[in-house]
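Undergrad: One file: protein38.txt (compact mmCIF, C-alpha atoms).
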```txt
# COMPACT_ATOMS: atom_id res chain seq x y z
CA MET D 222 29.05 -57.77 62.07
CA PRO D 223 27.45 -54.96 60.10
CA LYS D 224 30.54 -54.64 57.85
CA LEU D 225 29.71 -56.20 54.51
CA ASP D 226 31.90 -58.75 52.79
CA LEU D 227 31.28 -57.41 49.30
CA LYS D 228 32.95 -60.33 47.57
CA SER D 229 30.45 -62.72 49.18
CA ILE D 230 27.48 -60.83 47.70
CA PRO D 231 26.60 -62.05 44.21
CA GLN D 232 27.58 -59.73 41.38
CA THR D 233 25.34 -59.68 38.31
CA ASN D 234 25.04 -57.90 34.99
CA THR D 235 21.37 -58.75 34.56
CA THR D 236 19.19 -56.14 32.89
CA GLY D 237 15.53 -55.79 32.04
CA TYR D 238 16.40 -53.75 28.95
CA PRO D 239 15.36 -55.24 25.64
CA ALA D 240 18.29 -56.52 23.60
CA GLU D 241 18.41 -53.55 21.25
CA PHE D 242 19.16 -51.18 24.17
CA ALA D 243 21.17 -53.52 26.40
CA ASP D 244 24.65 -53.53 24.86
CA ILE D 245 25.80 -50.51 26.86
CA VAL D 246 25.07 -52.21 30.20
CA ALA D 247 26.58 -55.61 29.36
CA GLU D 248 29.66 -54.72 31.42
CA ARG D 249 27.76 -53.07 34.27
CA TRP D 250 28.30 -55.41 37.22
CA TYR D 251 26.32 -54.74 40.37
CA ARG D 252 25.59 -56.07 43.82
CA ARG D 253 22.31 -55.41 45.65
CA LEU D 254 23.47 -54.61 49.18
CA ALA D 255 20.12 -54.05 50.90
CA PRO D 256 18.57 -57.51 50.51
CA ALA D 257 21.96 -59.06 51.26
CA SER D 258 22.15 -57.27 54.59
CA GLY D 259 18.59 -57.00 55.86
CA ILE D 260 17.74 -53.37 55.27
CA THR D 261 14.51 -52.37 53.55
CA ASP D 262 14.02 -48.59 53.87
CA PHE D 263 15.95 -47.94 50.65
CA GLY D 264 17.92 -49.79 48.02
CA VAL D 265 21.73 -49.69 47.75
CA SER D 266 23.75 -51.00 44.86
CA HIS D 267 27.51 -51.37 44.54
CA VAL D 268 28.22 -50.92 40.83
CA GLU D 269 31.36 -51.66 38.85
CA LEU D 270 31.53 -50.35 35.30
CA LYS D 271 34.12 -51.94 33.09
CA PRO D 272 35.73 -49.61 30.52
CA GLY D 273 33.05 -48.46 28.07
CA ALA D 274 30.08 -49.52 30.18
CA TRP D 275 27.17 -47.26 31.07
CA SER D 276 25.25 -47.24 34.37
CA ALA D 277 21.98 -47.17 32.42
CA GLN D 278 20.35 -45.61 29.41
CA ARG D 279 20.02 -41.92 30.20
CA HIS D 280 16.86 -41.73 32.34
CA TRP D 281 14.87 -39.94 35.01
CA HIS D 282 12.42 -41.29 37.56
CA GLU D 283 9.04 -39.78 38.33
CA ASN D 284 8.97 -41.00 41.94
CA GLU D 285 12.51 -41.93 42.97
CA ASP D 286 15.31 -39.77 44.31
CA GLU D 287 18.78 -41.16 43.64
CA PHE D 288 22.17 -40.55 45.26
CA LEU D 289 25.54 -41.62 43.89
CA VAL D 290 29.03 -41.56 45.40
CA MET D 291 32.13 -42.59 43.47
CA LEU D 292 34.47 -45.04 45.18
CA SER D 293 37.25 -45.62 42.65
CA GLY D 294 38.25 -44.87 39.08
CA LYS D 295 36.75 -42.20 36.89
CA ALA D 296 33.47 -41.83 35.04
CA VAL D 297 31.51 -39.19 33.18
CA LEU D 298 28.13 -38.03 34.40
CA VAL D 299 25.90 -37.13 31.46
CA ASP D 300 22.70 -35.12 31.69
CA ASP D 301 20.88 -32.35 29.83
CA ALA D 302 23.62 -29.88 30.82
CA GLY D 303 26.42 -31.91 29.27
CA GLU D 304 29.19 -33.96 30.81
CA VAL D 305 31.18 -33.72 34.03
CA GLU D 306 33.87 -36.02 35.40
CA LEU D 307 33.38 -38.00 38.59
CA ALA D 308 36.32 -39.28 40.66
CA ALA D 309 36.57 -41.01 44.03
CA GLY D 310 34.65 -39.11 46.70
CA ASP D 311 32.50 -37.17 44.25
CA CYS D 312 28.77 -37.20 45.00
CA ALA D 313 25.73 -36.56 42.82
CA THR D 314 21.99 -36.48 43.45
CA PHE D 315 19.14 -36.95 41.00
CA PRO D 316 15.90 -35.52 42.36
CA LYS D 317 12.74 -37.33 41.33
CA ASN D 318 10.63 -35.93 38.51
CA ASP D 319 13.17 -33.31 37.44
CA GLY D 320 12.92 -34.36 33.79
CA ASN D 321 16.71 -34.30 33.49
CA GLY D 322 17.84 -37.64 32.09
CA HIS D 323 21.14 -38.82 33.54
CA CYS D 324 23.57 -41.69 33.35
CA VAL D 325 27.19 -42.43 34.20
CA ILE D 326 29.59 -43.70 31.54
CA ASN D 327 33.03 -45.15 32.10
CA LYS D 328 35.06 -43.57 29.30
CA SER D 329 38.36 -44.48 30.94
CA ALA D 330 40.60 -47.48 30.37
CA GLU D 331 40.16 -48.81 33.92
CA PRO D 332 37.14 -50.10 35.85
CA CYS D 333 35.33 -47.68 38.13
CA GLU D 334 33.11 -48.31 41.16
CA PHE D 335 30.33 -46.38 42.80
CA ILE D 336 27.47 -46.72 45.26
CA VAL D 337 23.97 -45.71 44.25
CA VAL D 338 21.01 -45.35 46.61
CA GLY D 339 17.32 -45.17 45.68
CA GLN D 340 13.90 -46.22 46.82
CA ASN D 341 12.79 -49.78 46.36
CA GLU D 342 9.51 -48.99 44.60
CA ASN D 343 10.60 -46.57 41.97
CA GLY D 344 7.63 -46.12 39.64
CA PRO D 345 7.70 -44.74 36.11
CA CYS D 346 11.06 -44.18 34.41
CA HIS D 347 11.65 -42.12 31.26
CA TYR D 348 14.47 -42.53 28.73
CA PRO D 349 14.82 -39.40 26.58
CA ASP D 350 17.33 -40.81 24.08
CA VAL D 351 15.72 -44.14 23.15
CA ASP D 352 12.23 -45.45 22.42
CA MET D 353 11.83 -47.08 25.81
CA TYR D 354 9.62 -46.56 28.87
CA TRP D 355 9.17 -48.36 32.18
CA SER D 356 5.93 -48.04 34.09
CA GLY D 357 7.56 -49.30 37.27
CA ARG D 358 5.86 -52.68 36.91
CA GLY D 359 6.30 -55.54 34.50
CA ARG D 360 8.32 -55.36 31.32
CA ILE D 361 9.91 -52.35 29.72
CA THR D 362 7.97 -51.15 26.68
CA ARG D 363 8.37 -48.62 23.92
CA LYS D 364 7.08 -45.14 24.68
CA TYR D 365 3.31 -44.95 25.20
CA GLY D 366 3.33 -48.56 26.36
CA THR D 367 3.75 -50.28 23.00
CA PRO D 368 5.31 -53.72 23.55
CA ILE D 369 8.86 -54.24 22.35
CA MET M 763 24.40 -30.23 37.33
CA PRO M 764 23.63 -33.08 39.71
CA LYS M 765 27.29 -33.31 40.78
CA LEU M 766 27.58 -31.76 44.22
CA ASP M 767 30.13 -29.14 45.14
CA LEU M 768 30.76 -30.48 48.63
CA LYS M 769 32.81 -27.50 49.71
CA SER M 770 29.85 -25.20 49.05
CA ILE M 771 27.60 -27.17 51.42
CA PRO M 772 27.90 -25.95 55.01
CA GLN M 773 29.83 -28.23 57.34
CA THR M 774 28.75 -28.33 60.97
CA ASN M 775 29.63 -30.12 64.20
CA THR M 776 26.28 -29.36 65.83
CA THR M 777 24.86 -32.03 68.12
CA GLY M 778 21.69 -32.47 70.15
CA TYR M 779 23.60 -34.48 72.76
CA PRO M 780 23.68 -33.01 76.25
CA ALA M 781 27.08 -31.64 77.17
CA GLU M 782 28.06 -34.60 79.34
CA PHE M 783 27.88 -36.95 76.33
CA ALA M 784 28.95 -34.56 73.58
CA ASP M 785 32.74 -34.44 73.87
CA ILE M 786 33.26 -37.43 71.58
CA VAL M 787 31.42 -35.77 68.68
CA ALA M 788 33.01 -32.33 68.98
CA GLU M 789 35.26 -33.14 66.02
CA ARG M 790 32.56 -34.86 63.94
CA TRP M 791 32.02 -32.51 61.00
CA TYR M 792 29.14 -33.26 58.69
CA ARG M 793 27.25 -31.95 55.69
CA ARG M 794 23.58 -32.72 55.05
CA LEU M 795 23.52 -33.50 51.32
CA ALA M 796 19.80 -34.17 50.81
CA PRO M 797 18.37 -30.75 51.71
CA ALA M 798 21.26 -29.11 49.88
CA SER M 799 20.40 -30.91 46.67
CA GLY M 800 16.64 -31.29 46.65
CA ILE M 801 16.13 -34.96 47.48
CA THR M 802 13.69 -36.02 50.17
CA ASP M 803 13.23 -39.82 50.01
CA PHE M 804 16.13 -40.40 52.40
CA GLY M 805 18.81 -38.49 54.24
CA VAL M 806 22.49 -38.48 53.23
CA SER M 807 25.33 -37.09 55.30
CA HIS M 808 28.96 -36.61 54.34
CA VAL M 809 30.88 -37.01 57.59
CA GLU M 810 34.47 -36.17 58.43
CA LEU M 811 35.85 -37.47 61.71
CA LYS M 812 38.99 -35.79 62.94
CA PRO M 813 41.43 -38.05 64.83
CA GLY M 814 39.76 -39.27 68.02
CA ALA M 815 36.22 -38.31 67.01
CA TRP M 816 33.25 -40.67 67.13
CA SER M 817 30.33 -40.76 64.67
CA ALA M 818 27.90 -40.92 67.58
CA GLN M 819 27.42 -42.51 70.95
CA ARG M 820 26.95 -46.21 70.30
CA HIS M 821 23.27 -46.49 69.33
CA TRP M 822 20.55 -48.38 67.48
CA HIS M 823 17.36 -47.10 65.89
CA GLU M 824 13.96 -48.71 66.26
CA ASN M 825 12.65 -47.50 62.91
CA GLU M 826 15.63 -46.47 60.77
CA ASP M 827 17.88 -48.55 58.57
CA GLU M 828 21.33 -47.06 58.05
CA PHE M 829 24.00 -47.59 55.39
CA LEU M 830 27.61 -46.40 55.55
CA VAL M 831 30.39 -46.37 52.98
CA MET M 832 33.93 -45.24 53.77
CA LEU M 833 35.50 -42.73 51.41
CA SER M 834 38.94 -42.04 52.87
CA GLY M 835 41.10 -42.74 55.89
CA LYS M 836 40.50 -45.46 58.43
CA ALA M 837 38.02 -45.93 61.26
CA VAL M 838 36.89 -48.62 63.66
CA LEU M 839 33.32 -49.87 63.62
CA VAL M 840 32.22 -50.81 67.14
CA ASP M 841 29.19 -52.92 67.96
CA ASP M 842 28.16 -55.75 70.32
CA ALA M 843 30.49 -58.13 68.46
CA GLY M 844 33.59 -56.01 69.00
CA GLU M 845 35.62 -53.88 66.63
CA VAL M 846 36.43 -54.09 62.94
CA GLU M 847 38.45 -51.73 60.78
CA LEU M 848 36.87 -49.77 57.94
CA ALA M 849 38.91 -48.41 55.02
CA ALA M 850 37.98 -46.69 51.75
CA GLY M 851 35.33 -48.66 49.87
CA ASP M 852 34.17 -50.65 52.88
CA CYS M 853 30.41 -50.73 53.42
CA ALA M 854 28.30 -51.45 56.49
CA THR M 855 24.56 -51.65 57.13
CA PHE M 856 22.68 -51.25 60.39
CA PRO M 857 19.21 -52.77 60.16
CA LYS M 858 16.52 -51.06 62.20
CA ASN M 859 15.51 -52.51 65.56
CA ASP M 860 18.35 -55.05 65.70
CA GLY M 861 19.29 -53.98 69.23
CA ASN M 862 22.96 -53.94 68.27
CA GLY M 863 24.39 -50.55 69.23
CA HIS M 864 26.98 -49.29 66.77
CA CYS M 865 29.26 -46.34 66.15
CA VAL M 866 32.38 -45.50 64.15
CA ILE M 867 35.49 -44.15 65.87
CA ASN M 868 38.49 -42.61 64.20
CA LYS M 869 41.38 -44.11 66.16
CA SER M 870 43.92 -43.09 63.52
CA ALA M 871 46.13 -40.02 63.34
CA GLU M 872 44.49 -38.72 60.14
CA PRO M 873 40.96 -37.55 59.33
CA CYS M 874 38.57 -40.03 57.76
CA GLU M 875 35.47 -39.48 55.65
CA PHE M 876 32.35 -41.51 55.02
CA ILE M 877 28.82 -41.25 53.65
CA VAL M 878 25.89 -42.37 55.76
CA VAL M 879 22.32 -42.82 54.52
CA GLY M 880 19.18 -43.11 56.63
CA GLN M 881 15.53 -42.15 56.69
CA ASN M 882 14.54 -38.63 57.52
CA GLU M 883 12.04 -39.52 60.24
CA ASN M 884 14.02 -41.86 62.36
CA GLY M 885 12.03 -42.42 65.52
CA PRO M 886 13.29 -43.77 68.84
CA CYS M 887 17.03 -44.24 69.34
CA HIS M 888 18.70 -46.26 72.09
CA TYR M 889 22.19 -45.76 73.54
CA PRO M 890 23.33 -48.86 75.45
CA ASP M 891 26.49 -47.37 76.96
CA VAL M 892 25.17 -44.09 78.39
CA ASP M 893 22.09 -42.88 80.26
CA MET M 894 20.54 -41.27 77.21
CA TYR M 895 17.46 -41.86 75.03
CA TRP M 896 15.88 -40.10 72.09
CA SER M 897 12.20 -40.53 71.35
CA GLY M 898 12.65 -39.23 67.81
CA ARG M 899 11.05 -35.91 68.73
CA GLY M 900 12.18 -33.03 70.87
CA ARG M 901 15.16 -33.14 73.20
CA ILE M 902 17.28 -36.08 74.18
CA THR M 903 16.49 -37.33 77.68
CA ARG M 904 17.86 -39.82 80.14
CA LYS M 905 16.50 -43.33 79.83
CA TYR M 906 12.77 -43.65 80.58
CA GLY M 907 12.30 -40.04 79.50
CA THR M 908 13.76 -38.30 82.56
CA PRO M 909 14.95 -34.80 81.54
CA ILE M 910 18.69 -34.19 81.49
```
Now that the file is in, can you turn its structure into structure tokens?
TA:
Amino acid sequence: MPKLDLKSIPQTNTTGYPAEFADIVAERWYRRLAPASGITDFGVSHVELKPGAWSAQRHWHENEDEFLVMLSGKAVLVDDAGEVELAAGDCATFPKNDGNGHCVINKSAEPCEFIVVGQNENGPCHYPDVDMYWSGRGRITRKYGTPI
Amino acid sequence: MPKLDLKSIPQTNTTGYPAEFADIVAERWYRRLAPASGITDFGVSHVELKPGAWSAQRHWHENEDEFLVMLSGKAVLVDDAGEVELAAGDCATFPKNDGNGHCVINKSAEPCEFIVVGQNENGPCHYPDVDMYWSGRGRITRKYGTPI
């Protein structure tokens, strides 16, 4: 059946961030739903943020649109305009190359869950608040490609 | 801000189905979130099914993967394997070209809501239960392209 058994899909907190920038995502637990279910047109992640966890360092993609819908709990969406609360059913989109770094932070005392959709080949990613850059291939570097 | 004000995005029950097959989607109310928010990599619809409404005639796409996540209420996912209930937080994927016609029916007494994601250019679509076919361009026809 097409209905997914989420609990059977491995949950991971793996990150490619270098250690100095990775503490905020240590309690970001996610499941990759597309490879687990045979779809390839786009990527879908089910993300659980424990209290205090961030979805990512604040970032924007050059070549990847993103869509997020909250499923449970509460979180704060942070971007250049400030902060706004997200609760179950709230949706947000992050158009590619808009230069507006965004992330979602669980500032509540309970876990929260959301779905995020993006392309599979997502190219360069910029992180305005930290000295980090991802070309879309290989390891994350400092800005201008300097190895970390 | 990237957070969407869903109520400001027009909701429609428009369908391209010919009248003889359209009654089941008359109370399918949807919002197209991608054009409203400037993303183009994939399509996203917020769908509300009133009691008794269907998401679509049971169908499968040759060239379009689909992903669905329930937001509120209850619905029944129907495919070749039978029926399974969907409640808030449940996810389903429909891989392209799997030949397994699917739809979601609200058999409850309350509205339900879900998000569905797909590609924008979705090519041929097959409807196993009715004499209908969509080439991906122009009007829906009967099977083998006969005009309705």
Undergrad: I'd like the interatomic distance between atom CA of D:Ala309 and atom CA of M:Ile786, to a tenth of an Å.
TA: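 Separation of atom CA of D:Ala309 and atom CA of M:Ile786: 28.0 Å.
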Undergrad: Out of M:His888, M:Arg790, M:Lys858, M:Arg820, which residue has the shortest atom-to-atom distance to chain D when counting all atoms listed in the file?
TA: M:Lys858
Undergrad: Only residues of chain D matter here; which ones have an atom within 10 Å of chain M, counting all atoms listed in the file? Give them as a ChimeraX atom specification.
TA: /D:222-227,254-255,257-265,267,284-293,298-307,309-317,321,323,334-336,338-340
Undergrad: Could you tell me how far atom CA of D:Glu331 lies from atom CA of D:Val351, in Å and to one decimal?
TA: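 Between these atoms lies a distance of 27.1 Å.
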Undergrad: What is the atom CA of M:Ala818-atom CA of M:Lys769 distance in Å, reported with one decimal?
TA: 22.9 Å
Undergrad: Restricting the calculation to all atoms listed in the file: of M:Trp816, M:Ile771, M:Gly778, M:Ala784, which residue gets closest to M:Thr903?
TA: M:Gly778
Undergrad: Using all atoms listed in the file, which residue out of M:Cys874, M:Ala837, M:Cys887, M:Ala788 lies closest to M:Leu811?
TA: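 Of M:Cys874, M:Ala837, M:Cys887, M:Ala788, the one nearest M:Leu811, counting all atoms listed in the file, is M:Cys874.
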